[in-house]
$ cat data-v6.csv   # CSV, C-alpha atoms
chain,number,residue,atom,x,y,z
F,272,MET,CA,120.0,113.5,7.1
F,273,ARG,CA,122.2,110.9,8.6
F,274,GLY,CA,125.3,112.7,7.3
F,275,ALA,CA,124.2,115.9,9.1
F,276,ARG,CA,124.1,114.1,12.5
F,277,SER,CA,127.7,113.0,12.4
F,278,GLY,CA,129.7,113.1,15.8
F,279,VAL,CA,132.2,111.4,18.1
F,280,SER,CA,131.6,107.7,18.4
F,281,TYR,CA,130.6,106.1,21.7
F,282,VAL,CA,133.9,104.2,21.9
F,283,VAL,CA,136.0,107.2,21.4
F,284,SER,CA,134.1,109.3,23.9
F,285,VAL,CA,134.4,106.6,26.5
F,286,ALA,CA,138.1,106.3,25.8
F,287,ILE,CA,138.6,110.1,26.2
F,288,ILE,CA,136.6,110.3,29.4
F,289,SER,CA,138.5,107.3,30.8
F,290,MET,CA,141.8,108.7,29.9
F,291,VAL,CA,140.9,112.0,31.6
F,292,THR,CA,139.7,110.2,34.7
F,293,ILE,CA,142.8,108.1,34.8
F,294,ALA,CA,145.0,111.1,34.3
F,295,LEU,CA,143.3,113.0,37.1
F,296,GLY,CA,143.6,109.9,39.4
F,297,LEU,CA,147.2,109.6,38.6
F,298,PHE,CA,147.7,113.3,39.3
F,299,LEU,CA,145.9,113.0,42.6
F,300,TRP,CA,147.9,109.9,43.5
F,301,GLY,CA,151.1,111.6,42.6
F,302,ILE,CA,150.2,114.7,44.7
F,303,THR,CA,149.2,112.5,47.7
F,304,ALA,CA,152.3,110.3,47.4
F,305,GLY,CA,154.5,113.3,47.2
F,306,TRP,CA,152.9,114.9,50.2
F,307,ALA,CA,153.1,111.6,52.1
F,308,GLY,CA,156.8,111.2,51.2
F,309,VAL,CA,157.7,114.7,52.4
F,310,SER,CA,155.7,114.2,55.6
F,311,ALA,CA,157.3,110.8,56.2
F,312,PHE,CA,160.8,112.3,55.7
F,313,ASP,CA,160.0,115.2,58.1
F,314,MET,CA,158.5,112.8,60.6
F,315,VAL,CA,161.6,110.6,60.6
F,316,LYS,CA,163.9,113.6,60.9
F,317,GLU,CA,161.9,115.2,63.8
F,318,THR,CA,161.8,111.8,65.5
F,319,ASN,CA,165.6,111.4,65.1
F,320,LYS,CA,166.1,114.9,66.7
F,321,GLY,CA,163.7,114.1,69.5
F,322,VAL,CA,165.4,110.8,70.2
F,323,ALA,CA,168.8,112.4,70.1
F,324,GLN,CA,167.7,115.1,72.5
F,325,GLN,CA,166.4,112.4,74.9
F,326,ARG,CA,169.7,110.7,74.8
F,327,SER,CA,171.7,113.9,75.5
F,328,LEU,CA,172.9,114.6,79.0
F,329,LEU,CA,175.7,116.8,80.3
F,330,VAL,CA,177.1,117.2,83.8
F,331,VAL,CA,179.2,120.1,85.2
F,332,GLU,CA,181.4,118.3,87.6
F,333,PHE,CA,183.5,121.2,88.9
F,334,VAL,CA,184.3,124.8,88.2
F,335,ASP,CA,187.9,125.6,88.9
F,336,MET,CA,187.8,129.3,89.8
F,337,ARG,CA,191.6,129.6,90.2
F,338,ASN,CA,192.5,128.1,86.9
F,339,ARG,CA,189.3,129.2,85.1
F,340,VAL,CA,188.3,125.8,83.9
F,341,VAL,CA,184.9,124.2,83.8
F,342,TRP,CA,185.0,120.4,84.0
F,343,VAL,CA,182.1,118.6,82.2
F,344,SER,CA,181.3,115.0,81.5
F,345,ASN,CA,178.7,113.2,79.4
F,346,PRO,CA,176.7,110.4,81.1
F,347,GLY,CA,174.3,110.3,78.2
F,348,LYS,CA,174.0,107.9,75.2
F,349,VAL,CA,175.2,110.2,72.5
F,350,ASP,CA,178.3,112.3,71.8
F,351,LEU,CA,177.7,116.0,72.3
F,352,VAL,CA,178.9,119.2,70.7
F,353,ILE,CA,179.3,122.1,73.1
F,354,LEU,CA,177.9,125.2,71.4
F,355,SER,CA,178.3,127.8,74.2
F,356,CYS,CA,179.7,128.0,77.7
F,357,MET,CA,179.6,130.9,80.1
F,358,VAL,CA,180.1,131.6,83.8
F,359,TYR,CA,178.5,134.7,85.3
F,360,PRO,CA,177.6,136.0,88.7
F,361,LYS,CA,174.4,134.5,90.1
F,362,ASN,CA,172.9,137.9,90.9
F,363,SER,CA,173.3,139.4,87.4
F,364,ASN,CA,171.8,138.8,84.0
F,365,PRO,CA,173.6,136.4,81.6
F,366,PRO,CA,175.9,138.1,79.1
F,367,PRO,CA,175.1,137.8,75.4
F,368,ARG,CA,175.7,134.3,74.1
F,369,GLU,CA,177.9,133.4,71.2
F,370,PHE,CA,177.2,130.0,69.5
F,371,ARG,CA,180.0,128.1,67.8
F,372,GLU,CA,181.5,124.6,68.0
F,373,VAL,CA,183.4,124.7,71.2
F,374,LYS,CA,184.3,121.1,72.0
F,375,ARG,CA,183.1,117.6,71.4
F,376,VAL,CA,182.4,115.5,74.5
F,377,ALA,CA,182.2,111.7,74.0
F,378,ALA,CA,179.4,109.8,75.7
F,379,SER,CA,181.5,108.1,78.4
F,380,MET,CA,181.9,108.8,82.1
F,381,LYS,CA,185.5,107.4,81.9
F,382,MET,CA,186.6,110.9,81.0
F,383,SER,CA,185.9,114.5,82.0
F,384,TYR,CA,186.6,117.4,79.7
F,385,PRO,CA,188.0,120.8,80.6
F,386,LEU,CA,186.6,123.9,79.1
F,387,SER,CA,189.3,126.5,79.5
F,388,SER,CA,188.8,130.3,79.5
F,389,SER,CA,189.3,130.3,75.8
F,390,GLU,CA,186.3,128.0,75.4
F,391,CYS,CA,184.2,129.2,78.2
F,392,ALA,CA,183.4,132.9,78.9
F,393,PHE,CA,184.4,133.9,82.4
F,394,PRO,CA,183.8,137.3,84.1
F,395,GLY,CA,186.8,139.6,84.3
F,396,SER,CA,187.3,139.2,88.0
F,397,LEU,CA,186.3,136.1,90.0
F,398,ASP,CA,185.7,136.0,93.7
F,399,PRO,CA,185.5,132.3,94.9
F,400,ALA,CA,183.4,133.4,97.8
F,401,GLN,CA,180.6,134.6,95.5
F,402,PRO,CA,178.0,132.4,93.8
F,403,TYR,CA,178.2,131.9,90.1
F,404,VAL,CA,176.2,130.2,87.4
F,405,VAL,CA,177.5,128.0,84.7
F,406,GLU,CA,175.4,127.9,81.6
F,407,ILE,CA,176.2,125.5,78.7
F,408,TYR,CA,174.4,124.8,75.4
F,409,ALA,CA,175.1,121.5,73.8
F,410,ILE,CA,173.6,119.4,71.0
F,411,ALA,CA,173.8,115.7,70.1
F,412,SER,CA,176.5,115.3,67.4
F,413,THR,CA,174.1,113.1,65.4
F,414,ILE,CA,171.9,116.1,64.6
F,415,TYR,CA,174.5,118.8,64.7
F,416,ASN,CA,174.4,120.9,61.6
F,417,PRO,CA,177.4,123.3,61.4
F,418,ALA,CA,175.7,125.3,58.7
F,419,ASN,CA,172.5,126.1,60.6
F,420,VAL,CA,173.1,127.7,64.0
F,421,VAL,CA,169.4,128.4,64.7
F,422,GLU,CA,168.4,124.8,64.0
F,423,ASN,CA,171.2,123.6,66.4
F,424,ILE,CA,169.9,125.9,69.2
F,425,GLN,CA,166.4,124.7,68.7
F,426,TRP,CA,167.4,121.1,69.5
F,427,ALA,CA,170.2,121.9,72.0
F,428,ILE,CA,170.0,121.0,75.7
F,429,VAL,CA,170.8,123.7,78.2
F,430,VAL,CA,172.7,123.0,81.4
F,431,ARG,CA,172.6,125.5,84.3
F,432,SER,CA,174.6,124.7,87.3
F,433,ASP,CA,175.7,126.6,90.4
F,434,ALA,CA,179.4,127.1,90.7
K,707,MET,CA,141.5,105.0,42.7
K,708,VAL,CA,140.6,106.4,46.1
K,709,LEU,CA,141.1,102.9,47.5
K,710,ALA,CA,144.4,102.7,45.8
K,711,ILE,CA,145.5,106.0,47.3
K,712,VAL,CA,144.3,104.9,50.8
K,713,PHE,CA,146.1,101.6,50.7
K,714,THR,CA,149.3,102.7,49.0
K,715,VAL,CA,149.9,106.2,50.5
K,716,ILE,CA,147.7,107.0,53.5
K,717,LEU,CA,147.9,103.7,55.3
K,718,PRO,CA,151.8,103.4,55.1
K,719,LEU,CA,152.0,106.9,56.3
K,720,VAL,CA,149.9,106.1,59.3
K,721,ILE,CA,151.9,103.0,60.0
K,722,LEU,CA,155.2,105.0,59.8
K,723,SER,CA,153.8,107.7,62.0
K,724,GLN,CA,152.8,105.1,64.7
K,725,HIS,CA,156.2,103.5,64.4
K,726,THR,CA,158.2,106.7,64.8
K,727,TYR,CA,156.0,107.7,67.7
K,728,GLY,CA,156.6,104.4,69.3
K,729,ILE,CA,160.4,104.8,68.9
K,730,PHE,CA,160.2,108.2,70.5
K,731,LEU,CA,158.1,107.0,73.4
K,732,ASN,CA,160.5,104.1,73.9
K,733,GLU,CA,163.4,106.5,74.1
K,734,SER,CA,161.5,108.9,76.3
K,735,ASN,CA,160.6,106.0,78.6
K,736,SER,CA,164.3,104.9,78.7
K,737,ARG,CA,165.4,108.4,79.6
K,738,ARG,CA,162.7,108.6,82.3
K,739,ILE,CA,163.9,105.3,83.8
K,740,PHE,CA,167.5,106.6,83.7
K,741,ASP,CA,166.6,109.8,85.4
K,742,ALA,CA,164.7,107.9,88.1
K,743,ASP,CA,167.8,105.8,88.6
K,744,ARG,CA,170.0,108.9,88.8
K,745,LEU,CA,167.7,110.4,91.4
K,746,SER,CA,167.7,107.2,93.4
K,747,GLU,CA,171.4,107.3,93.9
K,748,PHE,CA,172.4,108.3,97.4
K,749,LEU,CA,175.9,108.1,98.7
K,750,ASP,CA,177.1,109.1,102.1
K,751,VAL,CA,180.7,110.4,101.7
K,752,ASN,CA,182.8,110.7,104.9
K,753,ILE,CA,186.4,111.4,105.6
K,754,SER,CA,188.3,109.2,108.1
K,755,GLN,CA,191.8,109.4,109.5
K,756,ASP,CA,193.8,106.4,110.6
K,757,PRO,CA,194.8,107.1,114.2
K,758,GLN,CA,198.2,105.3,113.8
K,759,THR,CA,199.3,106.4,110.3
K,760,LEU,CA,197.3,109.6,110.2
K,761,GLN,CA,196.4,108.8,106.6
K,762,LEU,CA,193.1,110.1,105.2
K,763,THR,CA,190.6,107.7,103.8
K,764,LEU,CA,187.3,108.5,102.0
K,765,ILE,CA,184.5,106.2,103.2
K,766,VAL,CA,181.6,106.0,100.8
K,767,SER,CA,178.4,104.3,101.8
K,768,ASN,CA,175.7,103.5,99.3
K,769,GLN,CA,172.4,104.4,101.1
K,770,GLY,CA,170.3,104.2,98.0
K,771,PRO,CA,168.4,101.3,96.5
K,772,ILE,CA,170.5,100.8,93.3
K,773,HIS,CA,174.1,99.8,92.4
K,774,VAL,CA,176.4,102.8,92.1
K,775,ASN,CA,179.8,103.1,90.5
K,776,VAL,CA,182.1,105.9,91.5
K,777,VAL,CA,184.2,107.0,88.5
K,778,ARG,CA,186.0,110.1,89.9
K,779,VAL,CA,187.0,111.7,93.1
K,780,TRP,CA,187.8,115.4,93.2
K,781,ALA,CA,189.7,117.1,96.1
K,782,ILE,CA,188.7,120.7,96.3
K,783,ASP,CA,190.5,123.6,97.9
K,784,VAL,CA,187.3,125.2,99.3
K,785,ASP,CA,188.7,128.7,99.9
K,786,ARG,CA,190.1,129.1,96.4
K,787,GLN,CA,187.6,126.8,94.6
K,788,ALA,CA,190.3,124.9,92.9
K,789,SER,CA,191.1,121.3,92.5
K,790,ILE,CA,194.2,119.8,94.3
K,791,PRO,CA,196.9,118.6,93.9
K,792,THR,CA,196.6,119.2,90.1
K,793,SER,CA,194.0,120.8,88.0
K,794,GLU,CA,192.4,117.5,87.3
K,795,ALA,CA,190.4,115.0,89.3
K,796,CYS,CA,192.5,113.4,92.0
K,797,LEU,CA,191.3,109.9,91.5
K,798,ARG,CA,190.1,108.5,88.2
K,799,SER,CA,188.7,105.1,87.2
K,800,SER,CA,190.6,103.1,84.6
K,801,ASP,CA,189.2,101.7,81.4
K,802,THR,CA,188.5,98.4,83.1
K,803,SER,CA,187.6,99.2,86.7
K,804,TYR,CA,185.9,101.8,88.8
K,805,ILE,CA,187.2,103.5,91.8
K,806,MET,CA,184.4,101.9,93.8
K,807,SER,CA,181.5,99.7,92.8
K,808,LEU,CA,178.9,99.7,95.5
K,809,PRO,CA,175.8,97.5,95.7
K,810,PRO,CA,173.0,98.9,97.8
K,811,GLY,CA,173.9,99.0,101.5
K,812,MET,CA,177.6,98.5,100.9
K,813,ASN,CA,180.5,100.7,102.1
K,814,GLY,CA,183.7,101.3,100.3
K,815,SER,CA,186.9,103.1,101.1
K,816,VAL,CA,189.7,104.7,99.1
K,817,ALA,CA,192.9,106.3,100.3
K,818,VAL,CA,193.0,110.0,99.5
K,819,GLN,CA,196.1,111.1,101.4
K,820,GLN,CA,198.0,111.5,98.1
K,821,CYS,CA,195.3,114.1,97.1
K,822,VAL,CA,196.1,116.4,100.0
K,823,GLN,CA,199.7,115.7,100.7
K,824,GLY,CA,201.3,118.9,102.1
K,825,PHE,CA,198.1,120.9,101.6
K,826,THR,CA,197.1,123.5,104.2
K,827,GLY,CA,193.5,124.8,104.1
K,828,VAL,CA,190.0,123.6,103.9
K,829,VAL,CA,189.4,120.6,101.7
K,830,GLN,CA,186.3,118.9,100.4
K,831,PHE,CA,186.0,115.7,98.4
K,832,LEU,CA,183.5,115.2,95.6
K,833,ALA,CA,182.6,111.7,94.4
K,834,VAL,CA,181.2,111.5,90.8
K,835,THR,CA,179.1,108.5,89.9
K,836,GLU,CA,178.7,106.8,86.5
K,837,ARG,CA,175.2,108.2,86.1
K,838,GLY,CA,176.5,111.7,86.6
K,839,ARG,CA,175.6,112.5,90.2
K,840,ILE,CA,178.0,114.3,92.4
K,841,PHE,CA,178.2,113.7,96.2
K,842,SER,CA,180.3,115.8,98.5
K,843,SER,CA,182.0,115.1,101.8
K,844,GLU,CA,182.0,117.5,104.8
K,845,LYS,CA,184.7,120.2,104.7
K,846,ILE,CA,187.7,119.6,106.9
K,847,ARG,CA,190.7,121.8,107.7
K,848,LEU,CA,194.1,120.4,107.1
K,849,ALA,CA,197.5,121.6,108.0
K,850,ASN,CA,200.3,120.1,106.0
K,851,GLY,CA,198.0,117.4,104.8
K,852,GLN,CA,196.9,116.4,108.3
K,853,VAL,CA,193.6,117.0,110.0
K,854,VAL,CA,193.6,119.9,112.4
K,855,ASP,CA,191.6,119.2,115.5
K,856,PHE,CA,189.6,122.2,116.7
K,857,VAL,CA,187.6,120.8,119.4
K,858,TYR,CA,189.8,120.6,122.5
K,859,PRO,CA,188.1,120.7,125.9
K,860,PHE,CA,190.9,122.6,127.6
K,861,THR,CA,193.1,125.6,126.7
K,862,LEU,CA,196.7,125.6,128.0
K,863,THR,CA,198.1,129.1,128.0
K,864,VAL,CA,201.9,129.8,128.2
K,865,SER,CA,203.1,133.3,128.8
K,866,ILE,CA,206.7,134.3,127.8
K,867,ILE,CA,207.7,137.5,129.5
K,868,ASN,CA,210.7,139.8,129.3
K,869,MET,CA,211.9,138.5,126.0
K,870,LYS,CA,215.1,139.9,124.5
K,871,LYS,CA,214.8,141.8,121.3
K,872,GLY,CA,215.8,139.9,118.2
K,873,ARG,CA,215.9,136.5,119.8
K,874,TRP,CA,213.9,133.5,118.8
K,875,TYR,CA,211.7,131.8,121.4
K,876,GLU,CA,210.2,128.4,121.0
K,877,VAL,CA,207.6,126.7,123.3
K,878,ILE,CA,207.3,122.9,122.9
K,879,VAL,CA,204.4,121.0,124.5
K,880,GLU,CA,204.9,117.2,124.6
K,881,PRO,CA,202.2,114.8,125.7
K,882,LEU,CA,203.6,112.4,128.3
K,883,ASP,CA,200.7,110.0,128.2
K,884,ASP,CA,197.5,109.7,126.1
K,885,GLY,CA,197.1,113.5,126.0
K,886,LYS,CA,196.7,115.4,122.8
K,887,VAL,CA,197.7,119.0,122.1
K,888,SER,CA,197.6,121.3,119.2
K,889,PRO,CA,199.8,122.9,118.1
K,890,ARG,CA,202.8,121.2,119.7
K,891,LYS,CA,205.3,123.9,118.9
K,892,PHE,CA,205.1,127.7,118.9
K,893,THR,CA,207.9,129.9,117.6
K,894,HIS,CA,208.2,133.7,118.0
K,895,LYS,CA,210.9,136.3,117.3
K,896,ALA,CA,210.9,139.2,119.8
K,897,THR,CA,210.7,142.4,118.0
K,898,ALA,CA,211.1,144.6,121.1
K,899,ALA,CA,212.9,144.5,124.4
K,900,ASN,CA,210.9,143.1,127.3
K,901,GLU,CA,208.2,141.9,125.0
K,902,ASN,CA,205.6,139.6,126.4
K,903,VAL,CA,203.5,137.1,124.5
K,904,THR,CA,200.8,134.6,125.6
K,905,VAL,CA,200.3,131.4,123.6
K,906,ALA,CA,197.2,129.2,123.7
K,907,PHE,CA,197.4,125.5,123.1
K,908,GLY,CA,194.3,123.3,122.7
K,909,ALA,CA,194.6,120.2,124.9
K,910,PHE,CA,192.9,117.1,126.2
K,911,ALA,CA,193.3,115.9,129.8
K,912,GLY,CA,196.7,114.4,130.4
K,913,ARG,CA,200.3,115.1,131.5
K,914,TYR,CA,202.5,117.4,129.4
K,915,ARG,CA,206.0,118.6,129.4
K,916,VAL,CA,206.3,122.3,128.5
K,917,SER,CA,209.7,123.5,127.4
K,918,LEU,CA,210.9,127.0,126.5
K,919,TYR,CA,213.9,127.5,124.2
K,920,GLU,CA,215.8,130.7,123.4
K,921,ASN,CA,217.7,130.7,120.1
K,922,GLY,CA,217.5,126.9,120.2
K,923,ARG,CA,218.8,126.5,123.8
K,924,LEU,CA,216.8,125.5,126.7
K,925,VAL,CA,216.2,128.6,129.0
K,926,GLN,CA,217.6,127.9,132.4
K,927,LEU,CA,214.8,128.4,134.8
K,928,GLY,CA,215.6,125.6,137.2
K,929,GLU,CA,212.6,123.4,138.0
K,930,TYR,CA,210.3,125.6,135.9
K,931,ASN,CA,211.8,124.7,132.6
K,932,PRO,CA,210.9,122.2,131.4
K,933,LYS,CA,207.8,122.0,133.5
K,934,VAL,CA,205.6,119.0,133.7
K,935,ILE,CA,201.9,119.9,134.1
K,936,TYR,CA,198.8,117.9,134.6
K,937,VAL,CA,195.5,118.8,133.0
K,938,PRO,CA,192.9,117.0,135.0
K,939,GLU,CA,189.8,115.5,133.5
K,940,ILE,CA,186.6,117.1,134.6
K,941,ARG,CA,184.1,114.7,136.1
K,942,ARG,CA,180.5,115.9,136.3
K,943,ARG,CA,179.2,115.9,139.8
K,944,LYS,CA,175.9,114.2,140.2
K,945,LEU,CA,173.3,116.7,141.2
K,946,LEU,CA,171.2,115.5,144.1
K,947,SER,CA,167.7,116.6,144.4
K,948,HIS,CA,166.3,118.1,147.5
K,949,ALA,CA,164.3,115.0,148.2
K,950,ARG,CA,165.9,112.4,150.4
K,951,PRO,CA,167.3,109.6,148.3
K,952,HIS,CA,165.5,106.3,148.4
K,953,THR,CA,167.1,103.2,149.5
K,954,LEU,CA,165.9,100.1,147.7
K,955,PRO,CA,165.9,96.7,149.5
K,956,THR,CA,168.6,94.4,148.2
K,957,GLY,CA,167.6,91.4,150.2
K,958,PRO,CA,164.7,90.0,152.3
K,959,ASP,CA,166.5,90.6,155.6
K,960,ARG,CA,166.8,94.3,155.0
K,961,ASN,CA,164.2,96.6,156.3
K,962,THR,CA,163.0,99.5,154.2

$ encode --input "data-v6.csv" --output "structure tokens"
Amino acid sequence: MRGARSGVSYVVSVAIISMVTIALGLFLWGITAGWAGVSAFDMVKETNKGVAQQRSLLVVEFVDMRNRVVWVSNPGKVDLVILSCMVYPKNSNPPPREFREVKRVAASMKMSYPLSSSECAFPGSLDPAQPYVVEIYAIASTIYNPANVVENIQWAIVVRSDA
Amino acid sequence: MVLAIVFTVILPLVILSQHTYGIFLNESNSRRIFDADRLSEFLDVNISQDPQTLQLTLIVSNQGPIHVNVVRVWAIDVDRQASIPTSEACLRSSDTSYIMSLPPGMNGSVAVQQCVQGFTGVVQFLAVTERGRIFSSEKIRLANGQVVDFVYPFTLTVSIINMKKGRWYEVIVEPLDDGKVSPRKFTHKATAANENVTVAFGAFAGRYRVSLYENGRLVQLGEYNPKVIYVPEIRRRKLLSHARPHTLPTGPDRNT
């Protein structure tokens, strides 16, 4: 009769259950740690972008209508990459924007930077007596990603100024 | 196991989250302070002309509560919306010093005659601060780099009649004392025979010598050319009321 009631010993069953429990725990730990790592990485990245945006500042000093030059300077704390620049009449809708790396502007008020007509879109004819708007998109160079235009625009600052 | 996960994963994540949030808040606060400082900047920019040398000077007064550094001065041709004399800012700070460094309440001045030398038109100066604010002066009209005075209390008119066709005529008005006149010279070429022209000169009170030249020679008109004229100063008459004026006693022996 004793031979008919053979089965897994108590020690073995405890060992198996423990191993399964430990494996599940390690799996859960791994999942949680992975999620936490990804979250931490994203959090640091987003914070960096937010900080870079807070440090970004661009000023349009003067728009030279005769020579078609927009003079800008950077009183902020981080170097900027100009992504788009356009001048358009104040009473009209802005023309379609084209985003590309136009110019880098160092974070120093010791210099002002010219954006010529090849770097900034001007209307065909300019009347100095009419009001115009200058619109510039710029992004901090620390978070600038040349491969991802959409991401750049998301974190860019926009400067609109009367000319 | 749950405790292990809490202490090794969740808790560090919460701490990191708080830390990054603190960094962002710190930066955001720093930017807010910077923006408040920028908005506190207040400069009064005025143009002055030396009466002796006729040189233009920009006088900048810091009316705000914080220290302001001026890093650039632009001279703008208002009519054409272009910078003068070149396409760049007229005055720029060097690597080691600012154009002006103004504590609160302080005034500073900088010579800007070189910016407008020989320029004719309406000019305006822009002062750019280190925090990126731009303050503008009033617009003034210049002729050949000098201020044109528009507000003259008197108008002196000179008529030239019966001019000869093709000849050049020149009227020169010279102040003989403290008088001031603008313009001092008028030149005209007669395009028809017996042409007449009347010229207006803005003038202050004073004595002036008016001379007429024809092709560079003084026109012989006897005592009328050159002619010394006197522009009197207008004194306002005191308007008396209908009531009899009162006489106040000046001493004890006088009756009222």

$ closest_atom_pairs --input "data-v6.csv" --of "chain F" --to "chain K" --cutoff "8 Å" --atoms "only C-alpha atoms" --output "JSON lines"
{"residue": "F:Gly296", "atom": "CA", "partner": "K:Met707", "partner_atom": "CA", "distance": 6.3}
{"residue": "F:Trp300", "atom": "CA", "partner": "K:Ile711", "partner_atom": "CA", "distance": 6.0}
{"residue": "F:Thr303", "atom": "CA", "partner": "K:Val715", "partner_atom": "CA", "distance": 6.9}
{"residue": "F:Ala304", "atom": "CA", "partner": "K:Val715", "partner_atom": "CA", "distance": 5.7}
{"residue": "F:Ala307", "atom": "CA", "partner": "K:Leu719", "partner_atom": "CA", "distance": 6.4}
{"residue": "F:Ala311", "atom": "CA", "partner": "K:Leu719", "partner_atom": "CA", "distance": 6.6}
{"residue": "F:Met314", "atom": "CA", "partner": "K:Ser723", "partner_atom": "CA", "distance": 7.1}
{"residue": "F:Val315", "atom": "CA", "partner": "K:Thr726", "partner_atom": "CA", "distance": 6.7}
{"residue": "F:Thr318", "atom": "CA", "partner": "K:Thr726", "partner_atom": "CA", "distance": 6.3}
{"residue": "F:Gly321", "atom": "CA", "partner": "K:Phe730", "partner_atom": "CA", "distance": 6.9}
{"residue": "F:Val322", "atom": "CA", "partner": "K:Phe730", "partner_atom": "CA", "distance": 5.8}
{"residue": "F:Gln325", "atom": "CA", "partner": "K:Ser734", "partner_atom": "CA", "distance": 6.2}
{"residue": "F:Arg326", "atom": "CA", "partner": "K:Arg737", "partner_atom": "CA", "distance": 6.8}
{"residue": "F:Val330", "atom": "CA", "partner": "K:Gly838", "partner_atom": "CA", "distance": 6.2}
{"residue": "F:Glu332", "atom": "CA", "partner": "K:Ile840", "partner_atom": "CA", "distance": 7.1}
{"residue": "F:Val334", "atom": "CA", "partner": "K:Gln787", "partner_atom": "CA", "distance": 7.5}
{"residue": "F:Asp335", "atom": "CA", "partner": "K:Ala788", "partner_atom": "CA", "distance": 4.7}
{"residue": "F:Met336", "atom": "CA", "partner": "K:Gln787", "partner_atom": "CA", "distance": 5.4}
{"residue": "F:Arg337", "atom": "CA", "partner": "K:Ala788", "partner_atom": "CA", "distance": 5.6}
{"residue": "F:Asn338", "atom": "CA", "partner": "K:Ala788", "partner_atom": "CA", "distance": 7.1}
{"residue": "F:Ser344", "atom": "CA", "partner": "K:Gly838", "partner_atom": "CA", "distance": 7.7}
{"residue": "F:Asn345", "atom": "CA", "partner": "K:Gly838", "partner_atom": "CA", "distance": 7.7}
{"residue": "F:Pro346", "atom": "CA", "partner": "K:Gly838", "partner_atom": "CA", "distance": 5.7}
{"residue": "F:Met380", "atom": "CA", "partner": "K:Glu836", "partner_atom": "CA", "distance": 5.8}
{"residue": "F:Lys381", "atom": "CA", "partner": "K:Ser799", "partner_atom": "CA", "distance": 6.6}
{"residue": "F:Pro399", "atom": "CA", "partner": "K:Arg786", "partner_atom": "CA", "distance": 5.8}
{"residue": "F:Ala400", "atom": "CA", "partner": "K:Asp785", "partner_atom": "CA", "distance": 7.4}

$ closest_residue --input "data-v6.csv" --among "K:Asn768, K:Thr792, K:Thr897, K:Asn775" --to "K:Arg873" --atoms "all atoms listed in the file"
K:Thr897

$ residues_around --input "data-v6.csv" --residues "K:Ile878" --least-positions-apart "6" --cutoff "9 Å" --atoms "all atoms listed in the file" --output "number ranges by chain"
K: 889-893, 915-919

$ atom_distance --input "data-v6.csv" --atom1 "atom CA of K:Val925" --atom2 "atom CA of K:Leu862"
19.8 Å

$ atom_distance --input "data-v6.csv" --atom1 "atom CA of K:Gly851" --atom2 "atom CA of K:Ser767"
23.8 Å

$ closest_residue --input "data-v6.csv" --among "F:Val404, F:Val279, F:Val285, F:Val421" --to "F:Glu369" --atoms "only C-alpha atoms"
F:Val421

$ closest_residue --input "data-v6.csv" --among "F:Val429, F:Tyr384, F:Ala377, F:Ser396" --to "F:Ser355" --atoms "all atoms listed in the file"
F:Val429

$ atom_distance --input "data-v6.csv" --atom1 "atom CA of K:Ile765" --atom2 "atom CA of F:Ala378"
28.2 Å

$ residues_around --input "data-v6.csv" --residues "K:Gly814" --least-positions-apart "6" --cutoff "10 Å" --atoms "only C-alpha atoms" --output "list in words"
Val751, Leu764, Ile765, Val766, Ser767, Asn768, Ile805, Met806, Ser807 and Leu808 of chain K

$ closest_residue --input "data-v6.csv" --among "F:Gly278, F:Gly395, F:Gly305, F:Pro402" --to "F:Ser363" --atoms "all atoms listed in the file"
F:Pro402
